[in-house]
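Trainee: Please find run37.cif (mmCIF, C-alpha atoms and all ligand atoms) on the next line:
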data_coords
loop_
_atom_site.label_atom_id
_atom_site.label_comp_id
_atom_site.auth_asym_id
_atom_site.auth_seq_id
_atom_site.Cartn_x
_atom_site.Cartn_y
_atom_site.Cartn_z
CA MET A 327 87.90 100.72 -133.08
CA SER A 328 87.08 104.43 -132.86
CA GLY A 329 85.85 106.29 -135.96
CA PHE A 330 89.24 107.94 -136.23
CA GLY A 331 90.98 104.55 -136.08
CA ASN A 332 88.82 103.34 -138.95
CA VAL A 333 89.82 106.32 -141.04
CA GLU A 334 93.50 105.84 -140.21
CA ASN A 335 93.31 102.16 -140.99
CA ALA A 336 91.73 102.79 -144.40
CA MET A 337 94.39 105.43 -145.06
CA PHE A 338 97.53 103.65 -143.90
CA GLY A 339 96.47 100.04 -143.16
CA LYS A 340 97.41 97.02 -145.19
CA SER A 341 96.43 96.76 -148.82
CA ILE A 342 96.90 93.99 -151.36
CA PHE A 343 97.79 96.65 -153.96
CA LYS A 344 101.43 97.60 -154.28
CA SER A 345 100.59 100.04 -157.10
CA GLU A 346 96.83 100.54 -157.43
CA SER A 347 97.09 103.35 -159.97
CA THR A 348 98.51 100.97 -162.58
CA LEU A 349 94.99 99.56 -162.87
CA TYR A 350 93.37 102.97 -163.43
CA PRO A 351 91.83 103.44 -166.87
CA GLU A 352 94.23 106.20 -167.95
CA TYR A 353 97.39 104.22 -167.08
CA VAL A 354 99.42 103.08 -170.07
CA PRO A 355 101.35 99.88 -169.25
CA ILE A 356 105.12 99.70 -169.72
CA GLU A 357 104.69 96.55 -171.81
CA LEU A 358 101.88 95.40 -174.10
CA PRO A 359 102.09 91.61 -174.17
CA THR A 360 100.69 89.87 -177.28
CA ARG A 361 100.51 93.04 -179.38
CA GLU A 362 104.11 92.97 -180.67
CA GLU A 363 103.07 92.55 -184.31
CA GLU A 364 100.63 95.47 -184.25
CA ILE A 365 103.19 97.71 -182.52
CA GLU A 366 105.69 97.00 -185.26
CA ARG A 367 103.11 97.54 -188.00
CA LEU A 368 102.09 100.90 -186.54
CA VAL A 369 105.70 102.06 -186.29
CA ARG A 370 106.56 100.97 -189.84
CA ASN A 371 103.68 103.06 -191.13
CA PHE A 372 105.34 106.20 -189.81
CA ARG A 373 108.89 105.52 -191.02
CA SER A 374 108.40 107.95 -193.90
CA LEU A 375 108.30 110.78 -191.34
CA LEU A 376 111.91 110.10 -190.49
CA GLY A 377 113.42 110.81 -193.92
CA GLN A 378 115.88 113.68 -194.29
CA GLU A 379 114.51 115.18 -197.51
CA GLY A 380 110.97 115.80 -196.48
CA SER A 381 108.26 113.82 -194.90
CA PHE A 382 105.09 112.28 -196.18
CA SER A 383 101.87 112.61 -194.34
CA VAL A 384 100.50 109.30 -193.09
CA ASN A 385 96.98 108.48 -191.91
CA VAL A 386 96.42 105.20 -190.09
CA ALA A 387 93.20 103.80 -188.65
CA ILE A 388 93.13 101.48 -185.62
CA VAL A 389 89.84 99.61 -185.48
CA GLY A 390 88.67 97.03 -182.94
CA ASP A 391 85.97 96.21 -180.42
CA ALA A 392 85.84 97.42 -176.81
CA GLY A 393 88.89 96.61 -174.69
CA MET A 394 91.02 95.21 -177.54
CA GLY A 395 93.80 97.65 -176.67
CA LYS A 396 93.33 100.32 -179.39
CA THR A 397 94.01 103.26 -177.10
CA ALA A 398 96.82 101.46 -175.29
CA LEU A 399 98.47 100.46 -178.60
CA CYS A 400 98.38 104.00 -179.93
CA LYS A 401 99.65 105.75 -176.77
CA TYR A 402 102.28 103.13 -175.98
CA THR A 403 103.73 102.99 -179.49
CA MET A 404 103.66 106.66 -180.38
CA LYS A 405 105.23 107.79 -177.10
CA ARG A 406 108.21 105.56 -177.86
CA PHE A 407 108.22 106.58 -181.52
CA GLU A 408 108.40 110.26 -180.51
CA GLU A 409 111.18 109.62 -177.98
CA ALA A 410 113.27 107.55 -180.39
CA ALA A 411 112.93 110.16 -183.16
CA ASN A 412 113.76 113.05 -180.82
CA ASN A 413 116.86 111.17 -179.59
CA ARG A 414 118.08 111.24 -183.19
CA ASN A 415 117.26 114.95 -183.53
CA ILE A 416 114.20 114.36 -185.68
CA ASN A 417 111.48 116.67 -184.53
CA VAL A 418 108.39 114.45 -184.11
CA LYS A 419 105.52 115.45 -181.84
CA PHE A 420 102.67 113.09 -180.93
CA LEU A 421 99.49 114.57 -179.45
CA TYR A 422 96.58 112.43 -178.28
CA TYR A 423 92.95 113.60 -178.32
CA ASN A 424 89.94 111.72 -176.99
CA CYS A 425 86.92 113.07 -178.83
CA HIS A 426 84.64 112.36 -175.88
CA SER A 427 86.31 115.45 -174.40
CA PHE A 428 87.32 117.25 -177.62
CA ARG A 429 84.21 117.03 -179.72
CA SER A 430 85.06 118.96 -182.87
CA LYS A 431 87.95 119.60 -185.20
CA THR A 432 87.97 123.20 -183.97
CA ALA A 433 88.31 122.12 -180.32
CA ILE A 434 91.29 119.91 -181.23
CA LEU A 435 93.04 122.52 -183.35
CA ARG A 436 92.55 125.28 -180.80
CA ASN A 437 93.96 123.06 -178.09
CA ILE A 438 97.01 122.16 -180.19
CA LEU A 439 97.72 125.83 -180.76
CA SER A 440 97.14 127.06 -177.22
CA GLU A 441 98.55 124.17 -175.17
CA HIS A 442 101.48 123.23 -177.36
CA PHE A 443 102.39 126.38 -179.26
CA HIS A 444 101.04 129.06 -176.88
CA ILE A 445 99.08 130.74 -179.65
CA GLN A 446 95.60 132.09 -178.82
CA SER A 447 93.26 131.44 -181.74
CA ARG A 448 89.96 132.78 -180.45
CA GLY A 449 88.10 134.70 -183.15
CA PHE A 450 89.89 132.94 -186.02
CA SER A 451 88.18 130.63 -188.48
CA ASP A 452 89.14 126.94 -188.79
CA GLU A 453 91.00 127.67 -192.03
CA GLU A 454 93.00 130.47 -190.39
CA ILE A 455 93.80 128.25 -187.41
CA LEU A 456 95.02 125.46 -189.68
CA ASP A 457 97.08 127.95 -191.63
CA MET A 458 98.76 129.22 -188.43
CA LEU A 459 99.45 125.66 -187.33
CA VAL A 460 100.91 124.48 -190.62
CA LYS A 461 103.15 127.58 -190.88
CA ARG A 462 104.42 127.05 -187.36
CA LEU A 463 105.10 123.36 -187.98
CA THR A 464 106.88 124.12 -191.22
CA ARG A 465 109.03 126.84 -189.66
CA GLU A 466 110.10 124.61 -186.79
CA ARG A 467 110.26 121.50 -188.98
CA ILE A 468 107.97 119.59 -186.61
CA ARG A 469 106.28 116.42 -187.88
CA LEU A 470 103.04 116.36 -185.94
CA ILE A 471 101.09 113.14 -185.40
CA ILE A 472 97.59 113.62 -184.01
CA GLY A 473 95.91 110.64 -182.32
CA ILE A 474 92.14 111.04 -182.73
CA ASP A 475 90.48 108.54 -180.39
CA GLU A 476 86.72 107.84 -180.34
CA ALA A 477 86.74 109.43 -183.78
CA ASN A 478 83.03 108.81 -184.35
CA MET A 479 82.30 111.83 -182.14
CA LEU A 480 83.56 113.93 -185.07
CA ASN A 481 82.03 113.79 -188.52
CA SER A 482 83.75 112.59 -191.70
CA GLU A 483 84.15 116.15 -193.01
CA ASP A 484 86.04 117.20 -189.87
CA ILE A 485 88.41 114.25 -190.14
CA LEU A 486 88.83 114.83 -193.85
CA SER A 487 89.80 118.44 -193.35
CA ILE A 488 92.45 117.42 -190.81
CA PHE A 489 93.79 115.00 -193.45
CA HIS A 490 93.76 117.81 -196.01
CA ALA A 491 95.66 120.07 -193.64
CA GLY A 492 98.36 117.42 -193.63
CA GLU A 493 98.69 117.75 -197.37
CA TYR A 494 98.67 121.53 -197.41
CA PHE A 495 102.02 121.97 -199.14
CA GLY A 496 101.76 118.85 -201.29
CA SER A 497 102.31 115.38 -199.99
CA GLU A 498 106.12 115.60 -199.90
CA GLN A 499 106.13 118.50 -197.47
CA SER A 500 103.51 117.22 -195.09
CA MET A 501 103.72 118.19 -191.48
CA ILE A 502 100.56 116.59 -190.06
CA SER A 503 99.84 112.86 -189.82
CA THR A 504 97.01 111.17 -187.97
CA ILE A 505 95.96 108.00 -186.20
CA VAL A 506 92.20 107.61 -186.17
CA ILE A 507 90.80 105.18 -183.58
CA SER A 508 87.33 103.70 -183.54
CA ARG A 509 85.19 100.65 -182.78
CA PRO A 510 84.14 98.76 -185.97
CA ILE A 511 80.42 99.66 -186.15
CA GLU A 512 81.14 103.35 -185.57
CA TRP A 513 84.01 103.20 -188.04
CA ARG A 514 81.75 101.79 -190.76
CA SER A 515 79.27 104.61 -190.22
CA LEU A 516 82.06 107.19 -190.43
CA LEU A 517 83.90 105.78 -193.39
CA ASN A 518 83.01 107.10 -196.82
CA VAL A 519 84.82 107.04 -200.13
CA PRO A 520 86.72 110.36 -199.76
CA LEU A 521 87.85 109.40 -196.25
CA SER A 522 88.99 105.88 -197.12
CA GLY A 523 91.03 107.29 -200.01
CA HIS A 524 93.26 109.03 -197.46
CA ILE A 525 93.80 106.09 -195.09
CA HIS A 526 97.17 104.48 -195.78
CA ASP A 527 96.69 101.52 -193.47
CA GLN A 528 93.86 100.16 -191.34
CA ILE A 529 94.98 98.01 -188.42
CA ASP A 530 92.11 95.73 -187.37
CA LEU A 531 92.77 94.50 -183.86
CA PRO A 532 91.56 90.95 -183.28
CA GLY A 533 90.01 90.05 -179.92
CA TYR A 534 92.22 88.51 -177.22
CA ASN A 535 91.93 84.74 -176.81
CA ARG A 536 92.07 83.10 -173.39
CA ASP A 537 95.86 82.58 -173.51
CA ASN A 538 96.42 86.23 -174.48
CA LEU A 539 94.15 87.37 -171.66
CA LEU A 540 95.94 85.19 -169.13
CA GLN A 541 99.29 86.59 -170.23
CA ILE A 542 97.98 90.18 -169.93
CA LEU A 543 96.44 89.48 -166.52
CA GLU A 544 99.70 87.92 -165.26
CA TYR A 545 101.68 90.94 -166.33
CA ARG A 546 99.25 93.52 -164.99
CA ALA A 547 98.71 91.67 -161.68
CA GLN A 548 102.47 91.46 -161.18
CA THR A 549 102.71 95.26 -161.51
CA ALA A 550 99.67 96.15 -159.43
CA LEU A 551 99.45 93.56 -156.62
CA TYR A 552 101.63 91.95 -154.00
CA PRO A 553 102.50 88.41 -155.16
CA THR A 554 100.98 86.78 -152.07
CA SER A 555 97.56 88.28 -152.76
CA TYR A 556 96.69 86.10 -155.75
CA SER A 557 97.50 82.75 -157.34
CA ASP A 558 97.46 81.19 -160.80
CA GLU A 559 93.97 79.99 -160.00
CA THR A 560 92.80 83.60 -159.39
CA LEU A 561 94.02 84.74 -162.81
CA ASN A 562 92.74 81.61 -164.57
CA LEU A 563 89.28 82.16 -163.12
CA ILE A 564 89.25 85.76 -164.42
CA ALA A 565 90.58 84.66 -167.83
CA ASP A 566 87.72 82.13 -168.06
CA ILE A 567 85.20 84.89 -167.42
CA CYS A 568 86.52 87.38 -169.98
CA ALA A 569 87.42 84.80 -172.66
CA SER A 570 83.94 85.18 -174.18
CA SER A 571 84.17 88.97 -174.49
CA GLN A 572 87.86 88.79 -175.63
CA ASN A 573 88.14 92.14 -173.89
CA ALA A 574 91.21 92.97 -171.76
CA ARG A 575 89.41 95.75 -169.90
CA HIS A 576 86.79 93.25 -168.77
CA GLY A 577 89.44 91.10 -167.09
CA LEU A 578 91.41 94.00 -165.63
CA GLU A 579 88.28 95.62 -164.16
CA ILE A 580 87.36 92.34 -162.47
CA LEU A 581 90.90 92.05 -161.11
CA TYR A 582 90.76 95.61 -159.81
CA ARG A 583 87.30 95.37 -158.25
CA SER A 584 87.93 91.99 -156.65
CA GLY A 585 91.15 93.41 -155.19
CA LYS A 586 89.23 96.38 -153.79
CA LEU A 587 86.71 94.00 -152.22
CA ALA A 588 89.52 92.03 -150.57
CA ASP A 589 90.91 95.29 -149.15
CA LEU A 590 87.50 96.34 -147.90
CA LYS A 591 87.10 93.02 -146.07
CA HIS A 592 90.63 93.31 -144.64
CA GLU A 593 91.62 90.12 -146.44
CA SER A 594 95.10 89.56 -147.81
CA PHE A 595 94.03 87.28 -150.66
CA ILE A 596 91.57 87.62 -153.56
CA ASN A 597 89.08 84.83 -152.92
CA PRO A 598 87.01 83.40 -155.79
CA GLU A 599 83.86 84.81 -154.17
CA TYR A 600 85.26 88.35 -154.61
CA ILE A 601 85.89 87.61 -158.26
CA ARG A 602 82.33 86.40 -158.69
CA ALA A 603 80.97 89.49 -156.91
CA ALA A 604 83.18 91.82 -158.98
CA ARG A 605 82.09 90.12 -162.18
CA ALA A 606 78.48 91.14 -161.58
CA ASP A 607 79.56 94.75 -161.23
CA VAL A 608 81.62 95.12 -164.42
CA TYR A 609 80.17 96.20 -167.76
CA PRO A 610 82.85 95.36 -170.32
CA GLU A 611 81.70 97.68 -173.10
CA LEU A 612 81.53 100.77 -170.92
CA ARG A 613 84.77 102.56 -170.06
CA ARG A 614 84.91 103.30 -166.34
CA ASP A 615 85.71 106.95 -167.03
CA VAL A 616 83.15 107.60 -169.76
CA LEU A 617 80.69 109.41 -167.48
CA LYS A 618 83.46 111.75 -166.37
CA ASP A 619 83.70 113.26 -169.86
CA LEU A 620 80.03 114.22 -170.00
CA ARG A 621 78.79 117.78 -169.54
CA GLN A 622 76.41 118.50 -166.66
CA HIS A 623 73.26 118.66 -168.84
CA GLU A 624 74.25 115.39 -170.55
CA LEU A 625 74.59 113.70 -167.17
CA LEU A 626 71.12 114.95 -166.29
CA ALA A 627 69.76 113.69 -169.63
CA ALA A 628 71.36 110.28 -168.97
CA LEU A 629 69.87 110.27 -165.47
CA SER A 630 66.40 111.04 -166.79
CA VAL A 631 66.56 108.25 -169.39
CA ALA A 632 67.94 105.79 -166.83
CA ARG A 633 65.24 106.70 -164.29
CA LYS A 634 62.52 106.09 -166.88
CA LEU A 635 64.07 102.75 -167.74
CA SER A 636 64.42 101.63 -164.13
CA ILE A 637 60.65 101.72 -163.67
CA LYS A 638 59.47 98.12 -163.46
CA GLY A 639 58.10 96.78 -166.73
CA ILE A 640 59.55 99.59 -168.88
CA THR A 641 62.19 98.42 -171.36
CA SER A 642 62.42 101.44 -173.64
CA THR A 643 61.51 105.10 -173.63
CA THR A 644 61.34 108.01 -176.09
CA VAL A 645 62.78 111.51 -176.24
CA ASP A 646 59.39 113.02 -175.36
CA ASP A 647 58.83 110.79 -172.34
CA SER A 648 62.30 111.13 -170.94
CA TYR A 649 62.26 114.91 -171.47
CA GLU A 650 59.52 115.16 -168.81
CA SER A 651 61.73 113.20 -166.45
CA TYR A 652 64.69 115.45 -167.42
CA VAL A 653 62.76 118.58 -166.34
CA LEU A 654 62.24 117.00 -162.91
CA CYS A 655 65.89 115.97 -162.65
CA CYS A 656 67.01 119.55 -163.40
CA GLU A 657 64.73 120.87 -160.66
CA GLU A 658 66.06 118.31 -158.21
CA TYR A 659 69.69 119.22 -158.88
CA GLY A 660 69.02 122.97 -159.14
CA GLU A 661 70.12 123.14 -162.78
CA GLU A 662 68.66 125.27 -165.53
CA THR A 663 66.42 123.22 -167.85
CA ARG A 664 67.53 123.21 -171.50
CA GLY A 665 65.10 123.10 -174.42
CA LYS A 666 64.00 119.89 -176.06
CA SER A 667 66.35 120.24 -179.03
CA THR A 668 69.36 120.50 -176.68
CA PHE A 669 68.01 117.49 -174.81
CA ARG A 670 67.68 115.61 -178.09
CA SER A 671 71.31 116.32 -179.02
CA ALA A 672 72.40 115.26 -175.51
CA VAL A 673 70.61 111.94 -176.13
CA GLU A 674 72.45 111.69 -179.45
CA THR A 675 75.79 112.21 -177.63
CA LEU A 676 74.88 109.56 -175.04
CA HIS A 677 74.19 107.21 -177.91
CA LYS A 678 77.54 108.00 -179.54
CA VAL A 679 79.55 107.42 -176.36
CA GLY A 680 77.77 104.08 -175.93
CA ILE A 681 75.74 104.74 -172.79
CA ILE A 682 72.35 104.35 -174.40
CA GLY A 683 71.13 102.34 -177.35
CA LYS A 684 68.60 103.48 -179.91
CA THR A 685 66.28 101.53 -182.15
CA VAL A 686 63.61 102.82 -184.47
CA GLY A 687 60.19 101.34 -183.91
CA PRO A 688 56.61 102.14 -184.92
CA ILE A 689 54.83 104.69 -182.76
CA GLU A 690 51.57 103.99 -180.94
CA GLU A 691 48.64 102.47 -182.72
CA GLY A 692 46.52 104.84 -184.70
CA LYS A 693 49.45 107.21 -185.42
CA ARG A 694 51.65 107.06 -188.46
CA GLY A 695 55.43 107.09 -188.67
CA ARG A 696 58.34 105.65 -186.70
CA ARG A 697 60.09 107.00 -183.67
CA ALA A 698 63.40 106.30 -181.94
CA LYS A 699 63.17 104.06 -178.91
CA ILE A 700 65.81 104.56 -176.27
CA THR A 701 67.26 101.77 -174.13
CA THR A 702 70.37 101.47 -172.01
CA PHE A 703 73.27 99.85 -173.80
CA ASP A 704 75.58 97.75 -171.67
CA ILE A 705 74.82 98.80 -168.12
CA PRO A 706 71.51 98.21 -166.26
CA ALA A 707 69.43 101.36 -165.78
CA THR A 708 69.42 101.12 -161.98
CA VAL A 709 73.23 100.94 -161.87
CA LEU A 710 73.44 103.91 -164.23
CA VAL A 711 71.10 105.93 -161.99
CA GLU A 712 73.30 105.21 -158.99
CA ARG A 713 76.58 106.07 -160.74
CA ILE A 714 75.28 109.32 -162.22
CA HIS A 715 73.72 110.31 -158.91
CA ASN A 716 77.12 109.82 -157.24
CA ILE A 717 78.82 112.09 -159.75
CA LEU A 718 76.13 114.77 -159.62
CA SER A 719 76.01 114.89 -155.85
CA LYS A 720 79.81 115.13 -155.69
CA SER A 721 79.87 118.06 -158.13
CA LYS A 722 77.13 119.74 -156.07
CA ASP A 723 79.25 119.48 -152.92
CA TYR A 724 82.16 120.83 -154.86
CA TYR A 725 80.25 123.97 -155.80
CA LYS A 726 79.20 124.47 -152.17
CA ILE A 727 82.80 124.61 -150.89
N1 LIG A 801 98.17 93.83 -174.66
C1 LIG A 801 97.88 94.42 -173.51
N2 LIG A 801 98.71 94.33 -172.45
C2 LIG A 801 98.42 94.93 -171.28
N3 LIG A 801 97.31 95.64 -171.05
C3 LIG A 801 96.43 95.78 -172.07
C4 LIG A 801 96.68 95.19 -173.34
N4 LIG A 801 95.63 95.49 -174.16
C5 LIG A 801 94.78 96.24 -173.44
N5 LIG A 801 95.25 96.42 -172.19
C6 LIG A 801 94.59 97.15 -171.12
O1 LIG A 801 93.21 96.86 -171.22
C7 LIG A 801 92.41 98.01 -171.01
C8 LIG A 801 91.57 98.29 -172.25
O2 LIG A 801 92.41 98.64 -173.33
P1 LIG A 801 92.11 99.93 -174.23
O3 LIG A 801 91.55 101.02 -173.39
O4 LIG A 801 93.32 100.23 -175.02
O5 LIG A 801 90.96 99.33 -175.16
P2 LIG A 801 90.21 100.01 -176.37
O6 LIG A 801 90.33 99.07 -177.51
O7 LIG A 801 90.72 101.38 -176.56
O8 LIG A 801 88.68 100.01 -175.87
P3 LIG A 801 87.50 101.09 -176.14
O9 LIG A 801 86.94 100.81 -177.50
O10 LIG A 801 86.48 100.78 -175.09
O11 LIG A 801 88.08 102.46 -176.00
C9 LIG A 801 93.37 99.14 -170.68
O12 LIG A 801 93.49 99.22 -169.28
C10 LIG A 801 94.69 98.67 -171.29
O13 LIG A 801 95.81 99.19 -170.57
MG MG A 802 89.89 103.26 -176.28
#
Please express the file's structure as structure tokens.
Ligand SMILES: Nc1ncnc2c1ncn2[C@@H]1O[C@H](COP(=O)(O)OP(=O)(O)OP(=O)(O)O)[C@@H](O)[C@H]1O
Ligand SMILES: [Mg+2]

Mentor:
Amino acid sequence: MSGFGNVENAMFGKSIFKSESTLYPEYVPIELPTREEEIERLVRNFRSLLGQEGSFSVNVAIVGDAGMGKTALCKYTMKRFEEAANNRNINVKFLYYNCHSFRSKTAILRNILSEHFHIQSRGFSDEEILDMLVKRLTRERIRLIIGIDEANMLNSEDILSIFHAGEYFGSEQSMISTIVISRPIEWRSLLNVPLSGHIHDQIDLPGYNRDNLLQILEYRAQTALYPTSYSDETLNLIADICASSQNARHGLEILYRSGKLADLKHESFINPEYIRAARADVYPELRRDVLKDLRQHELLAALSVARKLSIKGITSTTVDDSYESYVLCCEEYGEETRGKSTFRSAVETLHKVGIIGKTVGPIEEGKRGRRAKITTFDIPATVLVERIHNILSKSKDYYKI
């Protein structure tokens, strides 16, 4: 086949996917099997917003490990909640923020004002911005619900002041409610007494058991793939693999990647060997799109740490050691080198988004004190190097165009 034929075949040839995009990370499924109880509980929490006389501000936390469906539960439920309220002429607005992209209270508030109310707030303080928002909501009688996902990227004070904004005119006149989403360890580090006093309900999502996972896989495969491309055995094999992590993303990523492998090999069926190959390539704790939310200098910091850690025999590194590697990475990619304190805060961000792990260990013999040791978290260093390199070289090409 000529080169052109290859391109055409990949573009228009057969695929086992009837709707590939329904397996993309940002897709919210039309149904959420096995989460009926949690959907109902979340909705019931916000019933007080629907009263005629005034509405009470509600703050709910959704807590659960990776891939337990926290984000999906929030988006799925609140979209329907908003629609159902609006159909009955109750002005509810749900806005979702992922704090990997929006990393401060200010960034969230400014975006709400500019994107949704067309008010420019540059030059105003946080208090003034909140004041503008609350006045606008009150005037238009809008009950705003803000979904704050990956909430550990903010600090407790930021979250608390969003809660306080909700109670601006006393709790009976509240216009802002929130849903705060986090994994359990991060949630524990965020939660303090003042914050917990404002949480009306905490929904702890349990992990998915094998039956749940099989049900989810059946539903998602039915939407994404042609029925002849897989069998019960295919889905059972994947459910066996992800039963230990209890993580739906783990199973869905394996389904997606094994499907892509079948396409690449021009096969019309997902063979077990593709599932086994895909399994080795999936890191269940790491969201596929997490690298996309990083700034350029954070990607370079991640690359430098990962390069250090991919050297044979090295299992951990330090800020000082990886900073040297960072300087080289910046040169290689033609980027301006930032100072060590910026590098240190980039490492902190990488830790918060779950790309790298940190432990505190004693420093070399003869010196006193302890210093943070950096390791990769879920994904092997060599794989991380490759993935970041792909992103950085793509963005370089982009700038050239
Ligand atoms: N009950 C379900 N039915 C169908 N799909 C589901 C269900 N639960 C989760 N998923 C899918 O599994 C994947 C992971 O779910 P989600 O992103 O909501 O997890 P999460 O708890 O937010 O994880 P993280 O802590 O990593 O952000 C998504 O693709 C989501 O659509
Ligand atoms: Mg999530």

Trainee: Show me which residues are within 12 Å of ligand MG 802 (chain A) counting all atoms listed in the file, and format the list as a PDB file with C-alpha atoms, in the coordinates of the input.

Mentor:
ATOM      1  CA  PRO A 351      91.830 103.440-166.870  1.00  0.00           C
ATOM      2  CA  GLU A 352      94.230 106.200-167.950  1.00  0.00           C
ATOM      3  CA  TYR A 353      97.390 104.220-167.080  1.00  0.00           C
ATOM      4  CA  VAL A 354      99.420 103.080-170.070  1.00  0.00           C
ATOM      5  CA  ILE A 388      93.130 101.480-185.620  1.00  0.00           C
ATOM      6  CA  VAL A 389      89.840  99.610-185.480  1.00  0.00           C
ATOM      7  CA  GLY A 390      88.670  97.030-182.940  1.00  0.00           C
ATOM      8  CA  ASP A 391      85.970  96.210-180.420  1.00  0.00           C
ATOM      9  CA  ALA A 392      85.840  97.420-176.810  1.00  0.00           C
ATOM     10  CA  GLY A 393      88.890  96.610-174.690  1.00  0.00           C
ATOM     11  CA  MET A 394      91.020  95.210-177.540  1.00  0.00           C
ATOM     12  CA  GLY A 395      93.800  97.650-176.670  1.00  0.00           C
ATOM     13  CA  LYS A 396      93.330 100.320-179.390  1.00  0.00           C
ATOM     14  CA  THR A 397      94.010 103.260-177.100  1.00  0.00           C
ATOM     15  CA  ALA A 398      96.820 101.460-175.290  1.00  0.00           C
ATOM     16  CA  LEU A 399      98.470 100.460-178.600  1.00  0.00           C
ATOM     17  CA  CYS A 400      98.380 104.000-179.930  1.00  0.00           C
ATOM     18  CA  LYS A 401      99.650 105.750-176.770  1.00  0.00           C
ATOM     19  CA  TYR A 422      96.580 112.430-178.280  1.00  0.00           C
ATOM     20  CA  TYR A 423      92.950 113.600-178.320  1.00  0.00           C
ATOM     21  CA  ASN A 424      89.940 111.720-176.990  1.00  0.00           C
ATOM     22  CA  CYS A 425      86.920 113.070-178.830  1.00  0.00           C
ATOM     23  CA  HIS A 426      84.640 112.360-175.880  1.00  0.00           C
ATOM     24  CA  GLY A 473      95.910 110.640-182.320  1.00  0.00           C
ATOM     25  CA  ILE A 474      92.140 111.040-182.730  1.00  0.00           C
ATOM     26  CA  ASP A 475      90.480 108.540-180.390  1.00  0.00           C
ATOM     27  CA  GLU A 476      86.720 107.840-180.340  1.00  0.00           C
ATOM     28  CA  ALA A 477      86.740 109.430-183.780  1.00  0.00           C
ATOM     29  CA  ASN A 478      83.030 108.810-184.350  1.00  0.00           C
ATOM     30  CA  VAL A 506      92.200 107.610-186.170  1.00  0.00           C
ATOM     31  CA  ILE A 507      90.800 105.180-183.580  1.00  0.00           C
ATOM     32  CA  SER A 508      87.330 103.700-183.540  1.00  0.00           C
ATOM     33  CA  ARG A 509      85.190 100.650-182.780  1.00  0.00           C
ATOM     34  CA  LEU A 531      92.770  94.500-183.860  1.00  0.00           C
ATOM     35  CA  ASN A 573      88.140  92.140-173.890  1.00  0.00           C
ATOM     36  CA  ALA A 574      91.210  92.970-171.760  1.00  0.00           C
ATOM     37  CA  ARG A 575      89.410  95.750-169.900  1.00  0.00           C
ATOM     38  CA  GLU A 611      81.700  97.680-173.100  1.00  0.00           C
ATOM     39  CA  LEU A 612      81.530 100.770-170.920  1.00  0.00           C
ATOM     40  CA  ARG A 613      84.770 102.560-170.060  1.00  0.00           C
ATOM     41  CA  ARG A 614      84.910 103.300-166.340  1.00  0.00           C
ATOM     42  CA  ASP A 615      85.710 106.950-167.030  1.00  0.00           C
ATOM     43  CA  VAL A 616      83.150 107.600-169.760  1.00  0.00           C
ATOM     44  CA  VAL A 679      79.550 107.420-176.360  1.00  0.00           C
TER      45      VAL A 679
END

Trainee: Box for ligand LIG 801 (chain A): with edges along x, y and z, all listed atoms inside and 3 Å added on each side, what are the centre and edge lengths in Å to one decimal, as JSON?

Mentor:
{"center_x": 92.6, "center_y": 98.1, "center_z": -173.4, "size_x": 18.2, "size_y": 14.6, "size_z": 14.2}

Trainee: Which residues are close to A:Pro355, i.e. within 12 Å by all atoms listed in the file, leaving aside same-chain residues fewer than 6 positions away? Reply as a list of chain:residue names.

Mentor: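 Contacts, in chain order: A:Ser347, A:Thr348, A:Leu349, A:Gly395, A:Thr397, A:Ala398, A:Leu399, A:Cys400, A:Lys401, A:Tyr402, A:Thr403, A:Lys405, A:Ile542, A:Leu543, A:Tyr545, A:Arg546, A:Ala547, A:Gln548, A:Thr549, A:Ala550.
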
Trainee: Rounded to one decimal, what separation in Å do you get between atom CA of A:Asp607 and atom CA of A:Glu544?

Mentor: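 Pair atom CA of A:Asp607 / atom CA of A:Glu544 returns 21.6 Å.
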
Trainee: Please identify all polymer residues within 9 Å of stretch 537-540 of chain A, counting only C-alpha atoms, omitting same-chain residues fewer than 3 positions from it, and present them as a PyMOL selection string.

Mentor: chain A and resi 359-360+534+543-545+561-562+564-566+568-569+572-574+577

Trainee: Taking C-alpha atoms for each residue, export the selection above as an mmCIF file, in the coordinates of the input.

Mentor:
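What ended up in again_16.cif:
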data_model
loop_
_atom_site.group_PDB
_atom_site.id
_atom_site.type_symbol
_atom_site.label_atom_id
_atom_site.label_comp_id
_atom_site.auth_asym_id
_atom_site.auth_seq_id
_atom_site.Cartn_x
_atom_site.Cartn_y
_atom_site.Cartn_z
ATOM 1 C CA PRO A 359 102.090 91.610 -174.170
ATOM 2 C CA THR A 360 100.690 89.870 -177.280
ATOM 3 C CA TYR A 534 92.220 88.510 -177.220
ATOM 4 C CA LEU A 543 96.440 89.480 -166.520
ATOM 5 C CA GLU A 544 99.700 87.920 -165.260
ATOM 6 C CA TYR A 545 101.680 90.940 -166.330
ATOM 7 C CA LEU A 561 94.020 84.740 -162.810
ATOM 8 C CA ASN A 562 92.740 81.610 -164.570
ATOM 9 C CA ILE A 564 89.250 85.760 -164.420
ATOM 10 C CA ALA A 565 90.580 84.660 -167.830
ATOM 11 C CA ASP A 566 87.720 82.130 -168.060
ATOM 12 C CA CYS A 568 86.520 87.380 -169.980
ATOM 13 C CA ALA A 569 87.420 84.800 -172.660
ATOM 14 C CA GLN A 572 87.860 88.790 -175.630
ATOM 15 C CA ASN A 573 88.140 92.140 -173.890
ATOM 16 C CA ALA A 574 91.210 92.970 -171.760
ATOM 17 C CA GLY A 577 89.440 91.100 -167.090
#

Trainee: In terms of the shortest atom-to-atom distance over only C-alpha atoms and all ligand atoms, which of A:Thr504, A:Asn597, A:Gln541, A:Ser671 is closest to ligand LIG 801 (chain A)?

Mentor: A:Gln541
